[in-house]
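Working notes, beginning with the structure itself.
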Amino acid sequence: MEQAVEGIHDGATIMIGGFGNAGMPSALIDALIAQGARELTIVNNNAGNGETGLAALLKAGRVKKIICSFPRQTDSQVFDALYRAGKIELELTPQGNLAERIRAAGAGIGGFFSPTGYGTMLAEGKETRLIDGRHYVLESPIHADFALIKALRGDRWGNLVYRKTARNFGPIMAMAAKCTIAQVSEVVALGELDPEVIVTPGIFVQRVVQTGVQTSIPSNPQEAAQ
Amino acid sequence: MSRYTREQMAARVARDIPEGAYVNLGIGLPTKVANYLPADKEIFLQSENGLLGMGPAPAPGEEDEDLINAGKQPVTLLTGGAYFHHADSFAMMRGGHLDICVLGAFQVSAGGDLANWHTGAPDAIPAVGGAMDLASGAKQVFVMMEHQTKNGESKIVDQCAYPLTGIGCVNRIYTDLAVIDVTPQGLQVLEIVEGLSFEELQKLTGATLRPAA
């Protein structure tokens with residue numbers, strides 16, 4: 001795990017996969033906390049739940065800014081306290097714009113017009129355009145230095161398959177970062193992943209690290225292969 | 001004064017969802033609609049976190065932390081359901097593929113503006129999630145809410161006082177007192193709870209209503 005997060009520098013922008021705890025790469029986050037990088041900008045749908053994972057990274061004081069769609073939750077007490085104390089900067093983005101801004105970065109798009117948020121305070125100050133009778137807001141891509149994601153299985157070439165709704169932001173974050181680090185429950189031999197069902201092709205993944213079998217792994221291998 | 005219960009509101013919304021519709025149910029009250037979708041109709045529930053063909057909550061002990069809904073509660077997948085990543089999920093909304101979304105609201109204006117994400121209070125921590133994407137993307141937006149606040153103020157207003165989620169995006173409003181369509185001619189009442197007259201409903205409503213035909 002130490003090797004997996006090697007080279008993450010102070011001030012880095014890091015995408016972290018997951019929707020709540022589903023798909024959150026907790027082992028990589030713990031390694032990042034131990035590694036010590038600070039002044040980080042984090043991109044995630046949320047701003048940490050409970051006291052572990054992303055919340056623990058926030059609590060350790062390593063994050064200066066977070067780009068997310070839904071920070072406030074019943075168990076977001078770590079973020080809430082930092083935000084109210086003025087110790088963390090928040091860039092709030094509608095969830096679909098967040099996803100598309102990440103995807104755009106990975107796909108080499110310099111910006112795009114989205115109808116989402118037009119006329120709201122989240123579009124204030126942004127360029128707008130009327131296209132075929134509909135109003136749109138110019139949104140910019142979000143690039144990252146690193147992406148930390150969680151997948152079910154990966155191979156030596158970085159091909160990945162995910163598990164159920166833990167997929168969420170993983171595939172698009174993998175595309176948007178200069179260096180994508182995937183924690184997987186199992187590293188398998190080349191050829192074991194069916195090329196027809198590989199979700200993230202290895203070109204988008206630079207490091208794969210096995211975390212071992214987790215409680216969420218189905219006992220039925222047929223299901224795991226889905 | 002009698003009011004529709006939350007369960008009755010959910011059952012009423014469910015009646016308006018046709019066979020074959022792709023539907024996203026928002027967090028909170030709209031989630032209850034799923035309990036009233038008729039078993040003999042095939043309706044596809046979408047969840048923003050990458051799930052189409054969402055089924056009911058699992059039996060106790062069968063929960064899977066990797067299979068959750070937008071409210072981060074454990075759910076199941078129906079036979080034939082699919083998983084996908086977030087950009088695809090929101091392309092379903094933004095791209096006009098989703099037929100109906102059902103959302104809660106703080107306020108809806110006579111022109112169909114929706115406010116449901118932020119009170120704008122200086123000490124409030126804003127969180128928007130997928131609300132704006134759903135409001136502007138779904139072909140039809142249904143709102144489910146109490147007709148009035150706890151203080152007795154109408155949640156149907158001429159102009160929203162809270163920060164907007166979307167402009168002119170609401171098509172139909174289901175409250176505990178009435179079902180109301182947002183039309184180019186104004187707010188058209190479709191149904192009123194038993195025992196309440198149109199005039200009484202109008203008095204409780206902060207925008208001009210048109211009586212049912």
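So you can find residues: chains in the structure tokens are A, B, ... in the order shown, residues in each start at 1, and ligands are numbered from 1 in order.
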**Message:** Please identify the strand (DSSP E) residues within region 23-171 of chain B (assignment by DSSP from backbone atoms) and present them as a ChimeraX atom specification.
**Reply:** /B:23-25,44-47,51-55,76-83,100-103,107-109,114-115,140-144,156-157
**Request:** Excluding region 175-185 of chain A and any residue of its chain fewer than 3 positions from it, enumerate the residues within 7 Å of it, using only C-alpha atoms, and give them as a PyMOL selection string.
**Result:** chain A and resi 4+25+28+102-103+105-106+143-154+171-172+204-214
Quick one: everything within 8 Å of Val179 (chain B), counting only C-alpha atoms, minus sequence neighbours fewer than 2 positions away in the same chain. Send it as an mmCIF file with N, CA and C atoms, in the first residue's frame.
```
data_model
loop_
_atom_site.group_PDB
_atom_site.id
_atom_site.type_symbol
_atom_site.label_atom_id
_atom_site.label_comp_id
_atom_site.auth_asym_id
_atom_site.auth_seq_id
_atom_site.Cartn_x
_atom_site.Cartn_y
_atom_site.Cartn_z
ATOM 1 N N ARG B 172 -46.136 18.701 -12.431
ATOM 2 C CA ARG B 172 -47.302 18.364 -11.594
ATOM 3 C C ARG B 172 -46.895 18.390 -10.129
ATOM 4 N N ILE B 173 -47.824 18.856 -9.295
ATOM 5 C CA ILE B 173 -47.567 18.966 -7.850
ATOM 6 C C ILE B 173 -48.585 18.108 -7.105
ATOM 7 N N TYR B 174 -48.083 17.232 -6.242
ATOM 8 C CA TYR B 174 -48.938 16.417 -5.377
ATOM 9 C C TYR B 174 -48.729 16.890 -3.954
ATOM 10 N N THR B 175 -49.767 17.423 -3.330
ATOM 11 C CA THR B 175 -49.637 17.826 -1.926
ATOM 12 C C THR B 175 -50.602 17.007 -1.084
ATOM 13 N N LEU B 177 -53.132 18.207 0.094
ATOM 14 C CA LEU B 177 -54.462 18.781 -0.097
ATOM 15 C C LEU B 177 -54.979 18.670 -1.528
ATOM 16 N N ASP B 181 -51.664 20.703 -11.741
ATOM 17 C CA ASP B 181 -50.779 20.737 -12.903
ATOM 18 C C ASP B 181 -50.233 22.140 -13.105
ATOM 19 N N VAL B 189 -55.937 23.034 -10.996
ATOM 20 C CA VAL B 189 -56.273 22.028 -9.979
ATOM 21 C C VAL B 189 -56.912 20.820 -10.654
ATOM 22 N N LEU B 190 -56.422 19.637 -10.324
ATOM 23 C CA LEU B 190 -57.001 18.401 -10.869
ATOM 24 C C LEU B 190 -57.880 17.712 -9.837
ATOM 25 N N GLU B 191 -57.413 17.698 -8.588
ATOM 26 C CA GLU B 191 -58.144 17.011 -7.526
ATOM 27 C C GLU B 191 -57.928 17.763 -6.216
ATOM 28 N N ILE B 192 -58.955 17.703 -5.350
ATOM 29 C CA ILE B 192 -58.844 18.300 -4.015
ATOM 30 C C ILE B 192 -59.251 17.241 -3.000
#
```
**Item:** Contacts of His9 (chain A) at 12 Å (only C-alpha atoms; same-chain gap of 4+ positions) as a list in words
**Value:** Val5, Thr13, Ile14, Leu32, Gln35, Gly36, Ala37, Arg38, Glu39, Leu40, Thr41, Arg62, Asp145 and Phe146 of chain A
Report as a compact mmCIF listing (two decimals) with N, CA and C atoms, in the first residue's frame all protein, DNA and RNA residues lying within 8 Å of region 144-161 of chain B, evaluated on only C-alpha atoms, omitting residues in the same chain fewer than 5 positions from it.
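Just written: selection30.txt:
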```txt
# COMPACT_ATOMS: atom_id res chain seq x y z
N MET B 9 -50.54 9.97 -0.60
CA MET B 9 -49.86 10.78 -1.63
C MET B 9 -48.99 9.88 -2.51
N LEU B 29 -39.76 11.47 0.89
CA LEU B 29 -41.14 11.09 0.57
C LEU B 29 -41.28 10.40 -0.79
N PRO B 30 -40.64 10.90 -1.87
CA PRO B 30 -40.81 10.23 -3.17
C PRO B 30 -40.42 8.74 -3.16
N VAL B 102 -39.57 12.11 -9.55
CA VAL B 102 -40.43 12.57 -8.47
C VAL B 102 -39.53 13.16 -7.40
N LEU B 103 -39.74 14.43 -7.08
CA LEU B 103 -38.85 15.12 -6.16
C LEU B 103 -39.63 15.76 -5.02
N GLY B 104 -39.01 15.91 -3.89
CA GLY B 104 -39.56 16.72 -2.81
C GLY B 104 -39.26 18.18 -3.09
N ALA B 105 -39.85 19.09 -2.32
CA ALA B 105 -39.62 20.51 -2.57
C ALA B 105 -39.82 21.34 -1.31
N PHE B 106 -39.08 22.46 -1.25
CA PHE B 106 -39.38 23.51 -0.26
C PHE B 106 -40.49 24.39 -0.80
N GLN B 107 -40.35 24.76 -2.09
CA GLN B 107 -41.32 25.64 -2.74
C GLN B 107 -41.41 25.31 -4.24
N VAL B 108 -42.61 25.53 -4.79
CA VAL B 108 -42.81 25.50 -6.24
C VAL B 108 -43.54 26.79 -6.60
N SER B 109 -43.10 27.44 -7.68
CA SER B 109 -43.75 28.69 -8.09
C SER B 109 -44.84 28.41 -9.12
N ALA B 110 -45.67 29.43 -9.32
CA ALA B 110 -46.77 29.32 -10.29
C ALA B 110 -46.24 28.99 -11.68
N GLY B 111 -45.02 29.41 -11.97
CA GLY B 111 -44.43 29.13 -13.27
C GLY B 111 -43.67 27.82 -13.34
N ASP B 113 -41.16 26.91 -11.29
CA ASP B 113 -39.80 26.93 -10.73
C ASP B 113 -39.77 26.05 -9.48
N LEU B 114 -38.64 25.40 -9.29
CA LEU B 114 -38.49 24.48 -8.16
C LEU B 114 -37.38 24.95 -7.23
N ALA B 115 -37.66 24.94 -5.93
CA ALA B 115 -36.62 25.19 -4.92
C ALA B 115 -36.64 24.01 -3.96
N ILE B 173 -47.82 18.86 -9.30
CA ILE B 173 -47.57 18.97 -7.85
C ILE B 173 -48.58 18.11 -7.11
N TYR B 174 -48.08 17.23 -6.24
CA TYR B 174 -48.94 16.42 -5.38
C TYR B 174 -48.73 16.89 -3.95
N THR B 175 -49.77 17.42 -3.33
CA THR B 175 -49.64 17.83 -1.93
C THR B 175 -50.60 17.01 -1.08
N ASP B 176 -50.62 17.30 0.21
CA ASP B 176 -51.56 16.62 1.10
C ASP B 176 -52.97 17.19 0.97
N LEU B 177 -53.13 18.21 0.09
CA LEU B 177 -54.46 18.78 -0.10
C LEU B 177 -54.98 18.67 -1.53
N ALA B 178 -54.08 18.55 -2.49
CA ALA B 178 -54.54 18.63 -3.88
C ALA B 178 -53.51 18.06 -4.85
N LEU B 204 -55.49 28.75 1.09
CA LEU B 204 -54.31 28.12 1.69
C LEU B 204 -53.11 28.11 0.74
N THR B 205 -53.30 28.69 -0.45
CA THR B 205 -52.30 28.60 -1.50
C THR B 205 -51.79 29.99 -1.88
N GLY B 206 -50.46 30.12 -1.99
CA GLY B 206 -49.85 31.41 -2.22
C GLY B 206 -49.74 31.82 -3.68
N ALA B 207 -50.49 31.19 -4.54
CA ALA B 207 -50.52 31.58 -5.96
C ALA B 207 -51.92 31.28 -6.49
```
**Message:** as number ranges by chain, could you give me every residue of chain A near chain B (at most 9 Å apart, counting only C-alpha atoms)?
**Reply:** A: 19-23, 45-46, 68-73, 80, 83-84, 92-100, 102-103, 114-121, 163-172, 216
**Prompt:** Please, which residues of chain B, numbered as in this document, come out helix (DSSP H, G or I) from DSSP, as JSON, numbers by chain?
**Reply:** {"B": [6, 7, 8, 9, 10, 11, 12, 13, 14, 15, 29, 30, 31, 32, 33, 34, 35, 36, 86, 87, 88, 89, 90, 91, 92, 93, 94, 131, 132, 133, 134, 135, 136, 137, 198, 199, 200, 201, 202, 203]}
Sort by chain and increasing residue number a table of all residues of region 65-131 of chain A within 9 Å of region 54-61 of chain A, each with its closest pair of atoms and their distance in Å to one decimal, counting only C-alpha atoms, and write it as a Markdown table.
```
| residue | atom | partner | partner_atom | distance |
| --- | --- | --- | --- | --- |
| A:Ser76 | CA | A:Ala55 | CA | 7.6 |
| A:Gln77 | CA | A:Ala55 | CA | 8.6 |
| A:Val78 | CA | A:Ala55 | CA | 6.1 |
| A:Phe79 | CA | A:Leu58 | CA | 6.9 |
| A:Leu82 | CA | A:Leu58 | CA | 8.2 |
| A:Lys87 | CA | A:Gly61 | CA | 8.7 |
| A:Ile88 | CA | A:Leu58 | CA | 8.9 |
```
**Message:** Give me the residues near Gly111 (chain A) as a list of chain:residue names, where near means some atom within 6 Å (using only C-alpha atoms) and where sequence neighbours in that chain fewer than 5 positions away do not count.
**Reply:**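 With the cut-off at 6 Å, the set is A:Glu139, A:Ser140, A:Pro141.
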What does the file look like for those residues with N, CA and C atoms, as a compact mmCIF listing (two decimals), in the first residue's frame?
```txt
# COMPACT_ATOMS: atom_id res chain seq x y z
N GLU A 139 -19.49 24.59 -18.67
CA GLU A 139 -18.82 23.88 -17.57
C GLU A 139 -17.42 23.45 -18.01
N SER A 140 -16.49 23.46 -17.05
CA SER A 140 -15.09 23.17 -17.38
C SER A 140 -14.72 21.75 -16.92
N PRO A 141 -13.76 21.15 -17.60
CA PRO A 141 -13.32 19.82 -17.16
C PRO A 141 -12.59 19.88 -15.82
```
**Message:** Rounded to one decimal, what separation in Å do you get between CA of Ala174 (chain A) and CA of Gly81 (chain B)?
**Reply:**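 We find that CA of Ala174 (chain A) and CA of Gly81 (chain B) lie 24.5 Å from each other.
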